[in-house]
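**Student:** Hey, dropping final39.csv in here, CSV, N, CA and C atoms:
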```
chain,number,residue,atom,x,y,z
H,1,MET,N,84.7,73.6,93.3
H,1,MET,CA,86.0,74.0,92.8
H,1,MET,C,85.9,75.5,92.5
H,2,THR,N,87.0,76.2,92.8
H,2,THR,CA,87.1,77.6,92.5
H,2,THR,C,87.5,77.8,91.1
H,3,ARG,N,87.0,78.8,90.4
H,3,ARG,CA,87.3,79.1,89.0
H,3,ARG,C,88.0,80.5,88.9
H,4,ALA,N,88.8,80.6,87.9
H,4,ALA,CA,89.5,81.9,87.7
H,4,ALA,C,88.5,82.8,87.0
H,5,VAL,N,88.6,84.1,87.2
H,5,VAL,CA,87.8,85.1,86.6
H,5,VAL,C,88.6,86.3,86.2
H,6,VAL,N,88.2,86.9,85.1
H,6,VAL,CA,88.8,88.2,84.7
H,6,VAL,C,87.9,89.3,85.1
H,7,VAL,N,88.5,90.3,85.7
H,7,VAL,CA,87.7,91.5,86.2
H,7,VAL,C,88.2,92.7,85.6
H,8,THR,N,87.3,93.5,85.1
H,8,THR,CA,87.7,94.8,84.5
H,8,THR,C,87.4,95.9,85.6
H,9,MET,N,88.4,96.5,86.2
H,9,MET,CA,88.2,97.4,87.3
H,9,MET,C,87.2,98.5,87.0
H,10,SER,N,87.3,99.1,85.8
H,10,SER,CA,86.4,100.2,85.4
H,10,SER,C,84.9,99.7,85.3
H,11,ASP,N,84.6,98.4,85.2
H,11,ASP,CA,83.3,97.9,85.2
H,11,ASP,C,82.7,97.8,86.6
H,12,LEU,N,83.5,97.8,87.6
H,12,LEU,CA,83.0,97.6,89.0
H,12,LEU,C,82.4,98.9,89.5
H,13,GLU,N,81.4,98.7,90.4
H,13,GLU,CA,80.8,99.9,91.0
H,13,GLU,C,81.8,100.6,92.0
H,14,GLN,N,81.8,101.9,92.0
H,14,GLN,CA,82.7,102.7,92.8
H,14,GLN,C,81.9,103.0,94.1
H,15,ASP,N,82.6,103.0,95.2
H,15,ASP,CA,82.0,103.5,96.4
H,15,ASP,C,82.8,104.6,97.0
H,16,HIS,N,82.2,105.4,97.9
H,16,HIS,CA,82.9,106.6,98.5
H,16,HIS,C,82.7,106.5,100.0
H,17,PRO,N,83.6,105.7,100.7
H,17,PRO,CA,83.4,105.5,102.1
H,17,PRO,C,83.7,106.8,102.9
H,18,LEU,N,84.4,107.7,102.4
H,18,LEU,CA,84.7,109.0,103.0
H,18,LEU,C,84.7,110.1,101.9
H,19,PRO,N,84.6,111.4,102.3
H,19,PRO,CA,84.7,112.4,101.3
H,19,PRO,C,86.1,112.4,100.7
H,20,LEU,N,86.2,112.7,99.4
H,20,LEU,CA,87.5,112.8,98.7
H,20,LEU,C,88.1,111.5,98.3
H,21,ILE,N,87.4,110.4,98.4
H,21,ILE,CA,87.9,109.1,98.0
H,21,ILE,C,86.9,108.3,97.2
H,22,ALA,N,87.4,107.7,96.2
H,22,ALA,CA,86.6,106.8,95.3
H,22,ALA,C,87.3,105.4,95.3
H,23,ARG,N,86.5,104.3,95.4
H,23,ARG,CA,87.2,103.0,95.6
H,23,ARG,C,86.4,101.9,94.8
H,24,ARG,N,87.1,101.0,94.2
H,24,ARG,CA,86.6,99.8,93.6
H,24,ARG,C,87.4,98.6,94.2
H,25,ARG,N,86.7,97.6,94.5
H,25,ARG,CA,87.4,96.4,95.2
H,25,ARG,C,87.1,95.1,94.5
H,26,VAL,N,88.1,94.3,94.5
H,26,VAL,CA,88.0,92.9,94.1
H,26,VAL,C,88.3,92.1,95.4
H,27,ILE,N,87.4,91.2,95.8
H,27,ILE,CA,87.6,90.5,97.0
H,27,ILE,C,87.7,89.0,96.7
H,28,GLY,N,88.8,88.4,97.0
H,28,GLY,CA,89.0,87.0,96.8
H,28,GLY,C,88.8,86.2,98.0
H,29,GLU,N,89.3,85.0,98.0
H,29,GLU,CA,89.2,84.1,99.2
H,29,GLU,C,90.1,84.6,100.4
H,30,ARG,N,91.4,84.9,100.0
H,30,ARG,CA,92.3,85.2,101.1
H,30,ARG,C,93.0,86.5,100.9
H,31,MET,N,92.7,87.3,99.9
H,31,MET,CA,93.2,88.6,99.7
H,31,MET,C,92.2,89.5,98.9
H,32,MET,N,92.4,90.8,99.0
H,32,MET,CA,91.6,91.7,98.3
H,32,MET,C,92.5,92.8,97.8
H,33,ILE,N,92.0,93.5,96.7
H,33,ILE,CA,92.7,94.6,96.1
H,33,ILE,C,91.7,95.7,95.9
H,34,SER,N,92.1,96.9,96.3
H,34,SER,CA,91.2,98.1,96.1
H,34,SER,C,92.0,99.1,95.1
H,35,GLU,N,91.2,99.5,94.1
H,35,GLU,CA,91.7,100.6,93.3
H,35,GLU,C,91.1,101.9,94.0
H,36,VAL,N,92.0,102.8,94.4
H,36,VAL,CA,91.6,103.9,95.2
H,36,VAL,C,92.1,105.2,94.5
H,37,VAL,N,91.2,106.2,94.4
H,37,VAL,CA,91.5,107.5,93.9
H,37,VAL,C,91.3,108.5,95.0
H,38,LEU,N,92.3,109.2,95.5
H,38,LEU,CA,92.3,110.1,96.5
H,38,LEU,C,92.4,111.5,95.9
H,39,SER,N,91.5,112.4,96.3
H,39,SER,CA,91.5,113.8,95.9
H,39,SER,C,92.5,114.5,96.8
H,40,PRO,N,93.1,115.6,96.3
H,40,PRO,CA,94.0,116.4,97.2
H,40,PRO,C,93.2,116.8,98.5
H,41,GLY,N,93.8,116.7,99.6
H,41,GLY,CA,93.2,117.0,100.9
H,41,GLY,C,92.6,115.9,101.6
H,42,PHE,N,92.4,114.7,100.9
H,42,PHE,CA,91.9,113.5,101.6
H,42,PHE,C,92.8,113.2,102.8
H,43,GLU,N,92.1,112.8,103.9
H,43,GLU,CA,92.9,112.4,105.1
H,43,GLU,C,92.2,111.3,105.8
H,44,VAL,N,92.9,110.2,106.1
H,44,VAL,CA,92.3,109.2,107.0
H,44,VAL,C,93.2,109.2,108.3
H,45,PRO,N,92.6,109.3,109.5
H,45,PRO,CA,93.4,109.4,110.7
H,45,PRO,C,94.1,108.1,111.0
H,46,VAL,N,95.1,108.2,111.9
H,46,VAL,CA,95.9,107.0,112.2
H,46,VAL,C,94.9,105.9,112.8
H,47,HIS,N,95.1,104.7,112.3
H,47,HIS,CA,94.3,103.5,112.7
H,47,HIS,C,95.2,102.3,112.5
H,48,HIS,N,94.7,101.2,112.9
H,48,HIS,CA,95.4,99.9,112.6
H,48,HIS,C,94.4,98.8,112.4
H,49,HIS,N,94.9,97.8,111.7
H,49,HIS,CA,94.0,96.6,111.5
H,49,HIS,C,94.9,95.4,111.4
H,50,GLY,N,94.2,94.2,111.5
H,50,GLY,CA,94.9,93.0,111.4
H,50,GLY,C,95.4,92.6,110.1
H,51,ASN,N,95.0,93.3,109.0
H,51,ASN,CA,95.4,93.0,107.7
H,51,ASN,C,96.8,93.4,107.4
H,52,GLU,N,97.6,92.7,106.7
H,52,GLU,CA,98.8,93.2,106.1
H,52,GLU,C,98.3,94.0,104.9
H,53,GLN,N,98.9,95.2,104.7
H,53,GLN,CA,98.5,96.1,103.6
H,53,GLN,C,99.7,96.5,102.8
H,54,ILE,N,99.6,96.4,101.5
H,54,ILE,CA,100.6,96.9,100.6
H,54,ILE,C,100.0,98.0,99.7
H,55,VAL,N,100.6,99.2,99.8
H,55,VAL,CA,100.1,100.4,99.1
H,55,VAL,C,101.0,100.6,97.8
H,56,VAL,N,100.5,100.5,96.6
H,56,VAL,CA,101.2,100.7,95.4
H,56,VAL,C,100.7,102.0,94.8
H,57,MET,N,101.6,103.0,94.9
H,57,MET,CA,101.3,104.4,94.4
H,57,MET,C,101.5,104.4,92.9
H,58,LEU,N,100.4,104.4,92.1
H,58,LEU,CA,100.5,104.5,90.7
H,58,LEU,C,100.7,105.9,90.2
H,59,ARG,N,100.0,106.8,90.8
H,59,ARG,CA,100.1,108.2,90.4
H,59,ARG,C,99.9,109.1,91.7
H,60,GLY,N,100.6,110.2,91.8
H,60,GLY,CA,100.4,111.1,92.9
H,60,GLY,C,101.4,111.1,94.0
H,61,LEU,N,101.1,111.7,95.1
H,61,LEU,CA,102.0,112.0,96.2
H,61,LEU,C,101.2,112.0,97.5
H,62,ALA,N,101.6,111.2,98.5
H,62,ALA,CA,100.8,111.2,99.7
H,62,ALA,C,101.8,111.1,100.9
H,63,GLU,N,101.4,111.6,102.1
H,63,GLU,CA,102.2,111.4,103.3
H,63,GLU,C,101.5,110.4,104.1
H,64,PHE,N,102.3,109.5,104.7
H,64,PHE,CA,101.8,108.5,105.6
H,64,PHE,C,102.4,108.7,107.0
H,65,ASP,N,101.6,108.7,108.0
H,65,ASP,CA,102.1,108.8,109.4
H,65,ASP,C,102.1,107.3,109.9
H,66,LEU,N,103.2,106.9,110.4
H,66,LEU,CA,103.4,105.6,110.9
H,66,LEU,C,103.9,105.7,112.4
H,67,ILE,N,103.3,104.8,113.2
H,67,ILE,CA,103.7,104.8,114.6
H,67,ILE,C,104.4,103.4,114.8
H,68,GLU,N,105.7,103.4,115.0
H,68,GLU,CA,106.4,102.2,115.2
H,68,GLU,C,107.2,102.3,116.5
H,69,ASP,N,107.1,101.3,117.4
H,69,ASP,CA,107.8,101.3,118.7
H,69,ASP,C,107.5,102.6,119.4
H,70,GLY,N,106.2,103.1,119.3
H,70,GLY,CA,105.8,104.3,120.0
H,70,GLY,C,106.3,105.6,119.4
H,71,VAL,N,107.0,105.5,118.3
H,71,VAL,CA,107.5,106.7,117.6
H,71,VAL,C,106.8,107.1,116.4
H,72,LEU,N,106.4,108.3,116.2
H,72,LEU,CA,105.7,108.8,115.0
H,72,LEU,C,106.7,109.1,114.0
H,73,ARG,N,106.5,108.6,112.8
H,73,ARG,CA,107.4,108.9,111.6
H,73,ARG,C,106.5,109.2,110.4
H,74,THR,N,106.8,110.2,109.6
H,74,THR,CA,106.1,110.5,108.4
H,74,THR,C,106.9,110.1,107.2
H,75,VAL,N,106.3,109.4,106.3
H,75,VAL,CA,107.0,109.1,105.0
H,75,VAL,C,106.2,109.6,103.9
H,76,VAL,N,106.9,110.0,102.8
H,76,VAL,CA,106.2,110.5,101.6
H,76,VAL,C,106.3,109.3,100.6
H,77,VAL,N,105.2,109.0,100.0
H,77,VAL,CA,105.2,107.9,99.0
H,77,VAL,C,104.8,108.6,97.7
H,78,ARG,N,105.6,108.3,96.7
H,78,ARG,CA,105.4,108.9,95.3
H,78,ARG,C,105.0,107.9,94.3
H,79,ALA,N,104.6,108.3,93.2
H,79,ALA,CA,104.3,107.4,92.0
H,79,ALA,C,105.5,106.5,91.8
H,80,GLY,N,105.2,105.2,91.6
H,80,GLY,CA,106.3,104.3,91.4
H,80,GLY,C,106.8,103.6,92.6
H,81,GLN,N,106.4,104.1,93.8
H,81,GLN,CA,106.8,103.5,95.1
H,81,GLN,C,105.8,102.7,95.7
H,82,THR,N,106.2,101.8,96.6
H,82,THR,CA,105.3,100.9,97.3
H,82,THR,C,105.6,101.0,98.8
H,83,LEU,N,104.6,101.0,99.6
H,83,LEU,CA,104.7,101.1,101.1
H,83,LEU,C,104.1,99.7,101.6
H,84,VAL,N,104.9,99.0,102.3
H,84,VAL,CA,104.5,97.7,102.9
H,84,VAL,C,104.2,98.0,104.4
H,85,LEU,N,102.9,97.7,104.8
H,85,LEU,CA,102.5,97.9,106.1
H,85,LEU,C,102.2,96.6,106.8
H,86,PRO,N,103.0,96.1,107.7
H,86,PRO,CA,102.7,94.9,108.4
H,86,PRO,C,101.4,95.0,109.2
H,87,SER,N,100.8,93.9,109.5
H,87,SER,CA,99.5,93.9,110.3
H,87,SER,C,99.7,94.7,111.6
H,88,ASN,N,98.7,95.4,112.0
H,88,ASN,CA,98.6,96.1,113.3
H,88,ASN,C,99.6,97.3,113.4
H,89,VAL,N,100.3,97.7,112.4
H,89,VAL,CA,101.1,98.9,112.5
H,89,VAL,C,100.2,100.2,112.3
H,90,PRO,N,100.1,101.0,113.3
H,90,PRO,CA,99.3,102.2,113.2
H,90,PRO,C,99.8,103.1,112.1
H,91,HIS,N,98.8,103.6,111.2
H,91,HIS,CA,99.1,104.4,110.1
H,91,HIS,C,98.0,105.3,109.7
H,92,GLY,N,98.3,106.4,109.1
H,92,GLY,CA,97.3,107.3,108.6
H,92,GLY,C,97.8,107.9,107.2
H,93,CYS,N,97.0,108.6,106.5
H,93,CYS,CA,97.4,109.1,105.2
H,93,CYS,C,96.8,110.4,104.9
H,94,ARG,N,97.6,111.2,104.1
H,94,ARG,CA,97.1,112.5,103.6
H,94,ARG,C,97.5,112.6,102.2
H,95,ALA,N,96.6,112.9,101.3
H,95,ALA,CA,96.9,113.0,99.8
H,95,ALA,C,97.3,114.5,99.6
H,96,LEU,N,98.5,114.6,99.1
H,96,LEU,CA,99.1,116.0,98.8
H,96,LEU,C,98.7,116.4,97.4
H,97,GLU,N,98.4,115.5,96.5
H,97,GLU,CA,97.8,115.7,95.2
H,97,GLU,C,96.9,114.5,94.8
H,98,GLU,N,96.3,114.6,93.7
H,98,GLU,CA,95.5,113.4,93.3
H,98,GLU,C,96.3,112.2,93.3
H,99,CYS,N,95.8,111.1,93.9
H,99,CYS,CA,96.6,109.8,94.0
H,99,CYS,C,95.7,108.7,93.4
H,100,VAL,N,96.4,107.8,92.6
H,100,VAL,CA,95.8,106.6,92.2
H,100,VAL,C,96.6,105.5,92.9
H,101,ILE,N,95.9,104.7,93.7
H,101,ILE,CA,96.6,103.7,94.5
H,101,ILE,C,96.0,102.3,94.3
H,102,LEU,N,96.8,101.3,94.3
H,102,LEU,CA,96.3,99.9,94.4
H,102,LEU,C,96.7,99.5,95.8
H,103,ASP,N,95.6,99.2,96.6
H,103,ASP,CA,95.8,98.7,98.0
H,103,ASP,C,95.6,97.2,98.0
H,104,LEU,N,96.5,96.4,98.5
H,104,LEU,CA,96.3,95.0,98.6
H,104,LEU,C,96.2,94.7,100.1
H,105,PHE,N,95.3,93.9,100.4
H,105,PHE,CA,95.0,93.5,101.8
H,105,PHE,C,95.0,92.0,101.9
H,106,SER,N,95.6,91.4,103.0
H,106,SER,CA,95.5,90.0,103.3
H,106,SER,C,95.5,89.9,104.8
H,107,PRO,N,94.6,89.2,105.4
H,107,PRO,CA,93.5,88.5,104.8
H,107,PRO,C,92.4,89.5,104.4
H,108,VAL,N,91.3,88.9,103.8
H,108,VAL,CA,90.2,89.7,103.4
H,108,VAL,C,89.4,90.2,104.6
H,109,SER,N,88.9,91.4,104.6
H,109,SER,CA,87.9,91.9,105.6
H,109,SER,C,87.0,92.9,104.9
H,110,GLU,N,85.8,92.9,105.4
H,110,GLU,CA,84.8,93.8,104.8
H,110,GLU,C,85.1,95.2,105.0
H,111,LYS,N,85.8,95.6,106.1
H,111,LYS,CA,86.1,96.9,106.4
H,111,LYS,C,87.6,97.2,106.4
H,112,THR,N,88.0,98.4,106.0
H,112,THR,CA,89.4,98.8,106.1
H,112,THR,C,89.4,100.1,106.9
H,113,GLY,N,90.6,100.8,106.9
H,113,GLY,CA,90.7,102.0,107.6
H,113,GLY,C,89.7,103.1,107.2
H,114,VAL,N,89.4,103.2,105.9
H,114,VAL,CA,88.5,104.2,105.4
H,114,VAL,C,87.1,103.9,105.8
H,115,ASP,N,86.8,102.7,106.2
H,115,ASP,CA,85.5,102.3,106.6
H,115,ASP,C,85.2,102.4,108.1
H,116,GLY,N,86.2,103.1,108.8
H,116,GLY,CA,86.0,103.3,110.2
H,116,GLY,C,86.6,102.2,111.1
H,117,VAL,N,87.5,101.4,110.5
H,117,VAL,CA,88.1,100.3,111.4
H,117,VAL,C,89.5,100.8,111.9
```
Please express what this file holds, its structure, as structure tokens.

**Tutor:**
Amino acid sequence: MTRAVVVTMSDLEQDHPLPLIARRRVIGERMMISEVVLSPGFEVPVHHHGNEQIVVMLRGLAEFDLIEDGVLRTVVVRAGQTLVLPSNVPHGCRALEECVILDLFSPVSEKTGVDGV
């Protein structure tokens, strides 16, 4: 039987999969959440993955490049906004200022876009 747990994000080990990013992750059975801090100038190139991703911008400002129906579109996501990325939608990100983000992914995967997927 699965048990409920309380996790304190600040107690988790932080990793740095790319320069200018710090990440803490909680991985469940069918979804995961990452607390991500992006320094200004952080950039991840356009990529895609089978996970649905929801980006909750808690603090900061970032540009996301999206390719939908073969067309590139850039959207700016600000604190208080959420970007919903369906699975396999090509996307990339540039931090215009320090950003604090909660990234939710379903299903779980060991690797995400910042891990070279």

**Student:** Identify, on the basis of all atoms listed in the file, every residue whose closest approach to His49 of chain H does not exceed 8 Å; exclude the query and any residue fewer than 6 positions from it along the same chain; express the result as an MDAnalysis selection string.

**Tutor:** chainID H and resid 86:91 112:113 117

**Student:** Find the residues around Arg94 of chain H up to 8 Å (only C-alpha atoms counted), leave out those fewer than 2 positions away in its own chain, and share them as a list in words.

**Tutor:**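 My list of contacting residues is Gly41, Phe42, Glu43, Val44, Ala62, Glu63, Phe64, Gly92 and Leu96 of chain H.
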
**Student:** Env of Val108 of chain H: 6 Å cut, atoms = only N, CA and C atoms, seq-sep filter 6 positions within chain, self excluded. Answer as a count of residues only.

**Tutor:** 4

**Student:** Using only N, CA and C atoms, which residue out of H:Glu97, H:Val71, H:Met57, H:Glu13 lies closest to Arg25 of chain H?

**Tutor:** H:Glu13

**Student:** Nearest residue to Cys93 of chain H out of H:Pro107, H:Pro45, H:Gly80, H:Asp69, using all atoms listed in the file?

**Tutor:** H:Pro45

**Student:** Which of these, H:Leu85, H:Leu61, H:Val76, H:Ala22, has the shortest distance to Cys99 of chain H once you count all atoms listed in the file?

**Tutor:** H:Leu61

**Student:** So which one's closest to Val6 of chain H, H:Val46, H:Ile67, H:Val100, H:Val26? Using only C-alpha atoms, please.

**Tutor:**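 Ranking H:Val46, H:Ile67, H:Val100, H:Val26 by distance to Val6 of chain H, first place goes to H:Val26.
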
**Student:** Suppose you want the space between atom N of Val37 of chain H and atom CA of Thr2 of chain H; what is it in Å?

**Tutor:** 29.0 Å
